[in-house]
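Since the structure comes first, as C-alpha cells, the remarks are kept for the end.
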Amino acid sequence: MPPIAELSSPRLRPAARVMRLGFVPLFDAAPLLVADALGLFEAVGLRVALSPEGSWASIRDKLAFSALDGAHMLSPMPIALAAGLGGVQAGLQVACGLSRNGNGITLSNELAGGDLAARLKARRTPATLAVVFPFSSHNYLLRRWLLAQGVDPERDVRLTAVPPPRMAARLAAGEIDGFCVGAPWGAAAEALGAGRVVAGTAEIWPDHLEKLLAFSEEYLLTHREQAVAATAAVIAAARWLDEPANRVEAISIMAGRALWQLSPATIESAFDATHRIRFRAATLPRRAEGALWLSAMREAGHMPESVPDAQALAPFNDGLWRDAAARLNEPEPVLETQA
C-alpha cells in the first residue's frame, strides 16, 4: 500500500464542496484513479469526484468555464490555454506531472512495415493520420517521427484530431490510416486486427513528460490547501504504480474504472517495451520541460511570436508540488534523459 500514514492535511470542513477532477480514459490517468480507489484522497480529508471526459477539448472547455476544478491534461495544454490558442484562454497551475512516455504510433495494415514514404507516394489519395488534440505531445512527436521517415507532415499526409477512445474504431472502419495515442488504444487497434503499433514516442523523445495534473487559478484562489492535499495523494499513487508488485492490481483498477471495454492484456500494453510508461519520475513539474514543448509549438507554427515565453510558461510553477512533497518527504525525481 502507499504510505497513507505519511499523508497529512487539515480535514475539510463538512460544508466544503467536492473537488471536481476530469480525466480522459487512458492508462496515464492512473495516478488519479488509483488515488481514489485506494482511499488516498479520503486519507487527506478530500472528497473528490472524478469525471470521465470523452475528449481533450471537453477537458479544456470545462476547465476554462469552471465546470472542473482540475484535470488530467496533455503537457502542452496549459501552455495553449495560457496563450489563448484555439480561441480559449484560461489560467492554470500545474500541480504535478502524471506520466512519462506512454504513447505509440499505430499504422494501418496497408502502411505498417517497409518504407513509409514510398507507401504513401504509391497511394492515390493522401493518408490521414490522427492525433488526440491539435496542441498535444502526440502532434509534435508524430511530426518528428514522420520527418525521420522522410515524410513531410504538412504536405505528404493529412493530420486530424480524434479523441483517444475513438481511435481504434476509426482505424478499423478505414476512416483514418494511422494515429498517435496513449496506451492502451494502440493495442486496442491491434486486437481488432486494424493495424500495428510501429513505434513508441519514448523512442522519439526518451522519457518525455506526457500528462499533468493542473488546477484552475480560480479554484486555487480559495482552495489551495485542498489542491496541495490532492497533489500529495497523487504523488503517493505514483509511487505505488511504479512498484512492479502492484501491476496486476493497477490494471484491475483501470479496467474497472476507465477502460472497462478492454481486456487486461490490452491494458497492460502501457508497460511494454514500446510504451515504457513511468509515473513517479514525472511528478515534479519542471519549467524547462514546459519550455521544450513551447519550442515544439513554435516550430509547428502553433504559437504566435507575439506571445512571450513568460506568459506561455506561467502554468509551470512547482510550488504546489513542493508543498505536497514536503508532507511525504518526497525527494526530487531524477531526470534520467533529456530531449
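Identifiers for the C-alpha cells are assigned positionally: chains receive A, B, ... in sequence, residues are indexed from 1 per chain, and ligands are indexed from 1 in the order shown.
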
### Query
Near segment 218-228 of chain A, within 7 Å and counting only C-alpha atoms, which residues show up once chain neighbours fewer than 5 positions away are dropped, as a PyMOL selection string?
chain A and resi 69+320+323-324

Export N, CA and C atoms of the chosen residues as a compact mmCIF listing (two decimals), in the first residue's frame?
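Now in out_15.txt:
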# COMPACT_ATOMS: atom_id res chain seq x y z
N ASP A 69 -12.51 21.67 -11.54
CA ASP A 69 -11.52 22.39 -10.73
C ASP A 69 -10.10 22.09 -11.19
N LEU A 320 3.03 24.01 -5.85
CA LEU A 320 2.11 23.01 -5.32
C LEU A 320 2.83 21.68 -5.08
N ASP A 323 5.09 21.89 -1.90
CA ASP A 323 4.32 21.85 -0.65
C ASP A 323 3.79 20.44 -0.39
N ALA A 324 3.35 19.77 -1.45
CA ALA A 324 2.83 18.41 -1.29
C ALA A 324 3.96 17.43 -0.98

Would you give me, as CSV, each residue of segment 69-158 of chain A having an atom within 12 Å of an atom of segment 255-274 of chain A, along with its shortest atom pair and that distance in Å to one decimal, using only C-alpha atoms and sorting by chain and residue number?
residue,atom,partner,partner_atom,distance
A:Ser99,CA,A:Ala270,CA,11.0
A:Arg100,CA,A:Ala270,CA,11.0
A:Asn101,CA,A:Thr274,CA,9.2
A:Gly102,CA,A:Ala270,CA,6.0
A:Asn103,CA,A:Ala270,CA,8.2
A:Gly104,CA,A:Thr274,CA,7.1
A:Ile105,CA,A:Thr274,CA,9.7
A:Thr106,CA,A:Thr274,CA,11.3

### Query
Running DSSP on the backbone, which parts of segment 206-251 of chain A land in strand (DSSP E), as a count of residues only?
8

Per residue of segment 165-266 of chain A within 9 Å of segment 39-47 of chain A, record the nearest atom pair and its distance in Å to one decimal, counting only C-alpha atoms, with rows in chain order and ascending residue number, as a tab-separated table.
residue	atom	partner	partner_atom	distance
A:Gln226	CA	A:Leu46	CA	7.1
A:Ala229	CA	A:Val44	CA	6.0
A:Ala230	CA	A:Phe41	CA	6.3
A:Ala232	CA	A:Val44	CA	8.3
A:Ala233	CA	A:Leu40	CA	5.3
A:Val234	CA	A:Leu40	CA	7.9
A:Ala236	CA	A:Leu40	CA	7.8
A:Ala237	CA	A:Leu40	CA	7.7

### Query
Can you list every residue in segment 67-234 of chain A that DSSP puts in alpha helix (DSSP H), as a PyMOL selection string?
chain A and resi 77-83+116-122+137-148+167-172+185-191+201-204+217-234

#### Entry: Selection near Leu294 of chain A, 12 Å with only C-alpha atoms, sequence-local residues under 6 positions removed, as a list in words
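The residues that qualify are Ser75, Pro76, Met77, Pro78, Ile79, Ala80, Ala82, Ala83, Phe135, Ser136, Ser137, Tyr140, Arg287, Ala288, Ala300, Gly301, His302, Met303, Pro304, Glu305, Val307, Pro308, Asp309, Ala310, Gln311, Ala312, Leu313, Ala314 and Phe316 of chain A.
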
Can those selected residues be exported to a file as a PDB file, in the first residue's frame so that it contains N, CA and C atoms?
ATOM      1  N   SER A  75       0.564  17.634 -21.688  1.00  0.00           N
ATOM      2  CA  SER A  75       1.544  18.598 -21.182  1.00  0.00           C
ATOM      3  C   SER A  75       1.585  19.927 -21.953  1.00  0.00           C
ATOM      4  N   PRO A  76       1.278  19.987 -23.266  1.00  0.00           N
ATOM      5  CA  PRO A  76       1.236  21.315 -23.904  1.00  0.00           C
ATOM      6  C   PRO A  76      -0.061  22.088 -23.657  1.00  0.00           C
ATOM      7  N   MET A  77      -1.085  21.457 -23.084  1.00  0.00           N
ATOM      8  CA  MET A  77      -2.385  22.134 -22.967  1.00  0.00           C
ATOM      9  C   MET A  77      -2.374  23.359 -22.064  1.00  0.00           C
ATOM     10  N   PRO A  78      -1.731  23.332 -20.887  1.00  0.00           N
ATOM     11  CA  PRO A  78      -1.703  24.562 -20.087  1.00  0.00           C
ATOM     12  C   PRO A  78      -1.028  25.721 -20.816  1.00  0.00           C
ATOM     13  N   ILE A  79      -0.032  25.405 -21.645  1.00  0.00           N
ATOM     14  CA  ILE A  79       0.652  26.427 -22.437  1.00  0.00           C
ATOM     15  C   ILE A  79      -0.320  27.023 -23.452  1.00  0.00           C
ATOM     16  N   ALA A  80      -1.052  26.132 -24.141  1.00  0.00           N
ATOM     17  CA  ALA A  80      -2.013  26.590 -25.139  1.00  0.00           C
ATOM     18  C   ALA A  80      -3.106  27.457 -24.506  1.00  0.00           C
ATOM     19  N   ALA A  82      -2.859  29.213 -21.698  1.00  0.00           N
ATOM     20  CA  ALA A  82      -2.277  30.478 -21.255  1.00  0.00           C
ATOM     21  C   ALA A  82      -2.158  31.466 -22.403  1.00  0.00           C
ATOM     22  N   ALA A  83      -1.935  30.925 -23.611  1.00  0.00           N
ATOM     23  CA  ALA A  83      -1.769  31.782 -24.792  1.00  0.00           C
ATOM     24  C   ALA A  83      -3.074  32.044 -25.518  1.00  0.00           C
ATOM     25  N   PHE A 135      -3.044  20.758 -29.999  1.00  0.00           N
ATOM     26  CA  PHE A 135      -1.898  21.189 -29.189  1.00  0.00           C
ATOM     27  C   PHE A 135      -1.564  20.062 -28.213  1.00  0.00           C
ATOM     28  N   SER A 136      -0.998  19.003 -28.762  1.00  0.00           N
ATOM     29  CA  SER A 136      -0.723  17.796 -27.972  1.00  0.00           C
ATOM     30  C   SER A 136       0.700  17.320 -28.203  1.00  0.00           C
ATOM     31  N   SER A 137       1.230  16.644 -27.211  1.00  0.00           N
ATOM     32  CA  SER A 137       2.523  15.988 -27.366  1.00  0.00           C
ATOM     33  C   SER A 137       2.495  15.058 -28.569  1.00  0.00           C
ATOM     34  N   TYR A 140       3.203  16.836 -31.912  1.00  0.00           N
ATOM     35  CA  TYR A 140       4.593  17.248 -32.120  1.00  0.00           C
ATOM     36  C   TYR A 140       5.529  16.045 -32.230  1.00  0.00           C
ATOM     37  N   ARG A 287       9.823  23.656 -15.305  1.00  0.00           N
ATOM     38  CA  ARG A 287       9.593  24.711 -16.306  1.00  0.00           C
ATOM     39  C   ARG A 287      10.405  24.446 -17.574  1.00  0.00           C
ATOM     40  N   ALA A 288      11.599  23.893 -17.418  1.00  0.00           N
ATOM     41  CA  ALA A 288      12.450  23.618 -18.580  1.00  0.00           C
ATOM     42  C   ALA A 288      11.792  22.625 -19.531  1.00  0.00           C
ATOM     43  N   ALA A 300       6.096  24.276 -34.954  1.00  0.00           N
ATOM     44  CA  ALA A 300       4.958  23.844 -35.773  1.00  0.00           C
ATOM     45  C   ALA A 300       4.103  25.006 -36.253  1.00  0.00           C
ATOM     46  N   GLY A 301       4.435  26.226 -35.815  1.00  0.00           N
ATOM     47  CA  GLY A 301       3.660  27.392 -36.210  1.00  0.00           C
ATOM     48  C   GLY A 301       2.376  27.563 -35.426  1.00  0.00           C
ATOM     49  N   HIS A 302       2.288  26.912 -34.269  1.00  0.00           N
ATOM     50  CA  HIS A 302       1.075  26.981 -33.456  1.00  0.00           C
ATOM     51  C   HIS A 302       1.084  28.131 -32.447  1.00  0.00           C
ATOM     52  N   MET A 303       2.247  28.629 -32.125  1.00  0.00           N
ATOM     53  CA  MET A 303       2.352  29.669 -31.093  1.00  0.00           C
ATOM     54  C   MET A 303       2.769  30.985 -31.724  1.00  0.00           C
ATOM     55  N   PRO A 304       1.919  32.008 -31.673  1.00  0.00           N
ATOM     56  CA  PRO A 304       2.296  33.302 -32.255  1.00  0.00           C
ATOM     57  C   PRO A 304       3.551  33.869 -31.598  1.00  0.00           C
ATOM     58  N   GLU A 305       4.385  34.473 -32.383  1.00  0.00           N
ATOM     59  CA  GLU A 305       5.604  35.076 -31.851  1.00  0.00           C
ATOM     60  C   GLU A 305       5.287  36.194 -30.868  1.00  0.00           C
ATOM     61  N   VAL A 307       3.314  36.088 -28.438  1.00  0.00           N
ATOM     62  CA  VAL A 307       3.102  35.568 -27.081  1.00  0.00           C
ATOM     63  C   VAL A 307       4.464  35.340 -26.437  1.00  0.00           C
ATOM     64  N   PRO A 308       4.792  36.068 -25.382  1.00  0.00           N
ATOM     65  CA  PRO A 308       6.114  35.901 -24.749  1.00  0.00           C
ATOM     66  C   PRO A 308       6.206  34.577 -24.005  1.00  0.00           C
ATOM     67  N   ASP A 309       7.422  34.075 -23.884  1.00  0.00           N
ATOM     68  CA  ASP A 309       7.653  32.819 -23.171  1.00  0.00           C
ATOM     69  C   ASP A 309       7.110  32.881 -21.748  1.00  0.00           C
ATOM     70  N   ALA A 310       7.286  34.021 -21.088  1.00  0.00           N
ATOM     71  CA  ALA A 310       6.853  34.136 -19.689  1.00  0.00           C
ATOM     72  C   ALA A 310       5.350  33.901 -19.556  1.00  0.00           C
ATOM     73  N   GLN A 311       4.582  34.396 -20.497  1.00  0.00           N
ATOM     74  CA  GLN A 311       3.127  34.183 -20.454  1.00  0.00           C
ATOM     75  C   GLN A 311       2.788  32.725 -20.726  1.00  0.00           C
ATOM     76  N   ALA A 312       3.398  32.158 -21.756  1.00  0.00           N
ATOM     77  CA  ALA A 312       3.074  30.792 -22.147  1.00  0.00           C
ATOM     78  C   ALA A 312       3.452  29.777 -21.077  1.00  0.00           C
ATOM     79  N   LEU A 313       4.547  30.040 -20.369  1.00  0.00           N
ATOM     80  CA  LEU A 313       5.053  29.077 -19.390  1.00  0.00           C
ATOM     81  C   LEU A 313       4.626  29.382 -17.959  1.00  0.00           C
ATOM     82  N   ALA A 314       3.783  30.377 -17.776  1.00  0.00           N
ATOM     83  CA  ALA A 314       3.337  30.732 -16.426  1.00  0.00           C
ATOM     84  C   ALA A 314       2.716  29.558 -15.661  1.00  0.00           C
ATOM     85  N   PHE A 316       3.689  26.565 -15.457  1.00  0.00           N
ATOM     86  CA  PHE A 316       4.705  25.643 -14.952  1.00  0.00           C
ATOM     87  C   PHE A 316       5.396  26.240 -13.730  1.00  0.00           C
TER      88      PHE A 316
END

### Message
As an exercise, work out the distance from atom CA of Arg247 of chain A to atom CA of Leu74 of chain A in Å and give it to one decimal place.
### Response
23.5 Å

### Task
Take atom CA of Pro333 of chain A and atom CA of Leu26 of chain A and report the distance between them in Å, one decimal.
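Interatomic distance, atom CA of Pro333 of chain A to atom CA of Leu26 of chain A: 23.1 Å.
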
With the cut-off set at 12 Å and counting only C-alpha atoms, tabulate each residue of segment 15-89 of chain A with an atom at most that distance from an atom of segment 171-189 of chain A, showing the nearest atom pair and its distance in Å to one decimal, ordered by chain and increasing number, as CSV.
residue,atom,partner,partner_atom,distance
A:Val24,CA,A:Gly182,CA,10.4
A:Pro25,CA,A:Pro184,CA,9.4
A:Leu26,CA,A:Ala183,CA,6.3
A:Phe27,CA,A:Ala183,CA,5.9
A:Asp28,CA,A:Gly182,CA,7.6
A:Ala29,CA,A:Gly182,CA,10.3
A:Ala30,CA,A:Ala183,CA,11.4
A:Leu74,CA,A:Gly182,CA,10.5

Selection above as a file: N, CA and C atoms, as a PDB file, in the first residue's frame:
ATOM      1  N   VAL A  24      -9.393  11.772 -19.154  1.00  0.00           N
ATOM      2  CA  VAL A  24      -9.713  11.057 -20.389  1.00  0.00           C
ATOM      3  C   VAL A  24      -9.319   9.597 -20.177  1.00  0.00           C
ATOM      4  N   PRO A  25     -10.111   8.633 -20.634  1.00  0.00           N
ATOM      5  CA  PRO A  25      -9.815   7.218 -20.386  1.00  0.00           C
ATOM      6  C   PRO A  25      -8.546   6.736 -21.090  1.00  0.00           C
ATOM      7  N   LEU A  26      -7.441   6.897 -20.406  1.00  0.00           N
ATOM      8  CA  LEU A  26      -6.120   6.465 -20.841  1.00  0.00           C
ATOM      9  C   LEU A  26      -5.403   5.901 -19.626  1.00  0.00           C
ATOM     10  N   PHE A  27      -4.426   5.049 -19.858  1.00  0.00           N
ATOM     11  CA  PHE A  27      -3.751   4.468 -18.701  1.00  0.00           C
ATOM     12  C   PHE A  27      -2.997   5.519 -17.899  1.00  0.00           C
ATOM     13  N   ASP A  28      -2.567   6.604 -18.549  1.00  0.00           N
ATOM     14  CA  ASP A  28      -1.791   7.600 -17.809  1.00  0.00           C
ATOM     15  C   ASP A  28      -2.639   8.472 -16.890  1.00  0.00           C
ATOM     16  N   ALA A  29      -3.954   8.230 -16.845  1.00  0.00           N
ATOM     17  CA  ALA A  29      -4.788   8.836 -15.803  1.00  0.00           C
ATOM     18  C   ALA A  29      -4.709   8.030 -14.509  1.00  0.00           C
ATOM     19  N   ALA A  30      -3.948   6.950 -14.502  1.00  0.00           N
ATOM     20  CA  ALA A  30      -3.909   6.023 -13.369  1.00  0.00           C
ATOM     21  C   ALA A  30      -3.599   6.675 -12.023  1.00  0.00           C
ATOM     22  N   LEU A  74      -2.888  16.955 -21.210  1.00  0.00           N
ATOM     23  CA  LEU A  74      -1.722  16.878 -22.082  1.00  0.00           C
ATOM     24  C   LEU A  74      -0.721  17.948 -21.664  1.00  0.00           C
TER      25      LEU A  74
END

### Task
Quick one: pull the distance between atom CA of Leu111 of chain A and atom CA of Glu154 of chain A, Å, one decimal.
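We find that atom CA of Leu111 of chain A and atom CA of Glu154 of chain A lie 18.1 Å from each other.
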
### Query
Taking only C-alpha atoms into account, which of A:Ala117, A:Leu98, A:Ala202, A:Ala37 comes nearest Val151 of chain A?
A:Ala117

### Task
Write out as a list in words which residues come within 10 Å of Val334 of chain A when counting only C-alpha atoms, dropping same-chain ones fewer than 4 positions away.
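Within the cut-off, the hits are Arg280, Ala281, Ala282 and Leu284 of chain A.
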
Selection to disk with N, CA and C atoms, as a PDB file, in the first residue's frame:
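Result written to again02.pdb:
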ATOM      1  N   ARG A 280       6.221   7.944 -11.090  1.00  0.00           N
ATOM      2  CA  ARG A 280       6.861   8.746 -10.042  1.00  0.00           C
ATOM      3  C   ARG A 280       7.883   9.721 -10.619  1.00  0.00           C
ATOM      4  N   ALA A 281       8.612   9.292 -11.638  1.00  0.00           N
ATOM      5  CA  ALA A 281       9.644  10.143 -12.229  1.00  0.00           C
ATOM      6  C   ALA A 281       9.074  11.383 -12.898  1.00  0.00           C
ATOM      7  N   ALA A 282       7.759  11.389 -13.130  1.00  0.00           N
ATOM      8  CA  ALA A 282       7.136  12.523 -13.814  1.00  0.00           C
ATOM      9  C   ALA A 282       6.642  13.598 -12.870  1.00  0.00           C
ATOM     10  N   LEU A 284       7.494  15.882 -10.526  1.00  0.00           N
ATOM     11  CA  LEU A 284       7.947  17.266 -10.381  1.00  0.00           C
ATOM     12  C   LEU A 284       7.779  18.019 -11.703  1.00  0.00           C
TER      13      LEU A 284
END

### Task
Have a look at A:Leu129, A:Asp318, A:Leu50, A:Thr160 and name the one nearest to Gln93 of chain A; count only C-alpha atoms.
A:Asp318

### Message
Ranking A:Val248, A:Ala238, A:Ala57, A:Leu209 by minimum distance to Glu336 of chain A and counting only C-alpha atoms, which one comes first?
### Response
A:Leu209

### Query
Quick one: of A:Pro285, A:Gly97, A:Gly319, A:Gly87, who's nearest to Leu32 of chain A, counting only C-alpha atoms?
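The answer is A:Gly97, which sits nearest to Leu32 of chain A.
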